[in-house]
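The next block holds one structure in the form of structure tokens; read it before the comments.
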Amino acid sequence: KQEVTQIPAALSVPEGENLVLNCSFTDSAIYNLQWFRQDPGKGLTSLLLIQSSQREQTSGRLNASLDKSSGRSTLYIAASQPGDSATYLCAVYNNAGNMLTFGGGTRLMVKP
Amino acid sequence: NAGVTQTPKFQVLKTGQSMTLQCAQDMNHNSMYWYRQDPGMGLRLIYYSASEGTTDKGEVPNGYNVSRLNKREFSLRLESAAPSQTSVYFCATRTGTNTGELFFGEGSRLTVL
């Protein structure tokens, strides 16, 4: 059974800092990997989708990388802002691409 | 463009009562999903519908039933609610069975007393 782990569970940084969130998964036979953001009391917002054949994806200040062989993905946030405060979740699609397994999330606080 | 709409947003039930959570999407997506989110347990798949007319069990289907009414709508029914079903329920949609990214609704917070 696929297991997805996100470390750290919580992170507090000052505004302007560059930071890295980590996601690891036990079964490297994945289809895609997706990063989400969740604000308190809200649904999940898609940030980046990385196809299994890709190594990274970028959107604005966000960059996500994928290393299937080592079972790892990282989400890099450049020049963090207070508005980036949220919980970040990664999810991996199984080999058939039809089921997702979510990590427990990293709760990020960016202090002004 | 509403995206994925869930109703109701909040509901309180007594043990043994029944209710249906509704989900509608205007994204013309084929696949729809129901998840529950619990503290310490993360998001877990209850049921999904790869396309209109099909439904399949996910990780935690017991105590739930689903109906894919048409391409736009996917409902989740609790026939006899239990306190263990207190959770936040999310509907999500996707272009195809294994295509595209997942888009979520805002969630429905259910409390079973």
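Every chain in the structure tokens takes a letter, A first, then B, and so on in the order presented; its residues are numbered from 1, and the ligands are numbered from 1 following the presented order.
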
Please build the interface table for chain A against chain B with a cut-off of 6 Å, listing for each qualifying residue the nearest atom pair and the distance in Å to one decimal; count only C-alpha atoms, order rows by chain and increasing number, and write it as a tab-separated table.
residue	atom	partner	partner_atom	distance
A:Lys42	CA	B:Glu106	CA	5.3
A:Gly43	CA	B:Glu106	CA	4.2
A:Leu44	CA	B:Phe104	CA	5.7
A:Gly97	CA	B:Asn98	CA	4.4
A:Asn98	CA	B:Asn98	CA	5.0
A:Gly104	CA	B:Gly42	CA	5.2

I need the residues in chain A that are strand (DSSP E or B) according to DSSP; give them as a VMD selection string.
chain A and resid 4 to 7 10 to 14 19 to 25 32 to 38 44 to 51 56 to 59 62 to 67 72 to 77 86 to 93 100 to 102 106 to 111

Env of Ser75 in chain B: 8 Å cut, atoms = only C-alpha atoms, seq-sep filter 2 positions within chain, self excluded. Answer as a PyMOL selection string.
chain B and resi 20-23+66-69+73+77

Restricted to C-alpha atoms, what would the selected residues look like written as a PDB file, in the first residue's frame?
ATOM      1  CA  THR B  20     -27.413  13.161   1.140  1.00  0.00           C
ATOM      2  CA  LEU B  21     -24.490  15.400   0.249  1.00  0.00           C
ATOM      3  CA  GLN B  22     -24.773  16.908  -3.200  1.00  0.00           C
ATOM      4  CA  CYS B  23     -21.958  17.762  -5.602  1.00  0.00           C
ATOM      5  CA  VAL B  66     -23.257   7.112  -4.068  1.00  0.00           C
ATOM      6  CA  SER B  67     -25.198   8.010  -7.189  1.00  0.00           C
ATOM      7  CA  ARG B  68     -23.806   9.468 -10.377  1.00  0.00           C
ATOM      8  CA  LEU B  69     -26.997  11.162 -11.450  1.00  0.00           C
ATOM      9  CA  GLU B  73     -23.795  15.526 -10.394  1.00  0.00           C
ATOM     10  CA  ARG B  77     -25.667   9.277   0.932  1.00  0.00           C
TER      11      ARG B  77
END

With distances taken over only C-alpha atoms, which residue among A:Leu108, A:Ala91, A:Leu75, A:Leu11 lies nearest Ser59 in chain A?
A:Leu75

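Distance-wise, CA of Glu15 in chain A and CA of Gln81 in chain A end up 5.2 Å apart.
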
Spatial neighbours of Asn70 in chain B, 12 Å, only C-alpha atoms, chain gap at least 5 places, as an MDAnalysis selection string
chainID B and resid 23:26 28:32 49 51:55 75

One residue among A:Met99, A:Ser46, A:Ser80, A:Pro112 is nearest to Lys1 in chain A when using only C-alpha atoms, and that residue is A:Met99

Fewer than 4 positions away in the same chain doesn't count, so skip those; otherwise give me all residues within 7 Å of Ser52 in chain A, counting only C-alpha atoms, as a VMD selection string.
chain A and resid 30 to 32

With C-alpha atoms kept, could you save the residues just selected as a PDB file, in the first residue's frame?
ATOM      1  CA  ILE A  30       3.399   6.373  -9.572  1.00  0.00           C
ATOM      2  CA  TYR A  31       1.517   7.980 -12.437  1.00  0.00           C
ATOM      3  CA  ASN A  32       1.628  11.653 -11.437  1.00  0.00           C
TER       4      ASN A  32
END

For CA of Lys71 in chain B and CA of Pro8 in chain B, the interatomic separation in Å (one decimal):
19.9 Å

List the spatial neighbours of Ala81 in chain B as a PyMOL selection string - criterion: any atom at most 6 Å away, only C-alpha atoms, same-chain residues fewer than 3 positions off excluded.
chain B and resi 15-18+78

Tell me which protein, DNA and RNA residues are within 10 Å of Val110 in chain A, counting only C-alpha atoms, leaving out same-chain ones fewer than 4 positions away, and put them as an MDAnalysis selection string.
chainID A and resid 11:17 80:86

Hey, can you spit out that residue selection with C-alpha atoms as a PDB file, in the first residue's frame?
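As written to disk, out.pdb reads:
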ATOM      1  CA  LEU A  11       6.961  25.198   9.699  1.00  0.00           C
ATOM      2  CA  SER A  12       7.233  28.847  10.719  1.00  0.00           C
ATOM      3  CA  VAL A  13       9.468  31.240   8.769  1.00  0.00           C
ATOM      4  CA  PRO A  14       9.958  35.000   8.502  1.00  0.00           C
ATOM      5  CA  GLU A  15       8.665  36.784   5.429  1.00  0.00           C
ATOM      6  CA  GLY A  16      11.041  36.790   2.481  1.00  0.00           C
ATOM      7  CA  GLU A  17      12.689  33.474   3.233  1.00  0.00           C
ATOM      8  CA  SER A  80       7.753  33.664   1.001  1.00  0.00           C
ATOM      9  CA  GLN A  81       4.897  36.028   1.892  1.00  0.00           C
ATOM     10  CA  PRO A  82       2.317  36.032   4.722  1.00  0.00           C
ATOM     11  CA  GLY A  83      -0.311  35.124   2.118  1.00  0.00           C
ATOM     12  CA  ASP A  84       1.526  31.832   1.576  1.00  0.00           C
ATOM     13  CA  SER A  85       0.455  30.716   5.062  1.00  0.00           C
ATOM     14  CA  ALA A  86      -1.630  27.574   4.584  1.00  0.00           C
TER      15      ALA A  86
END
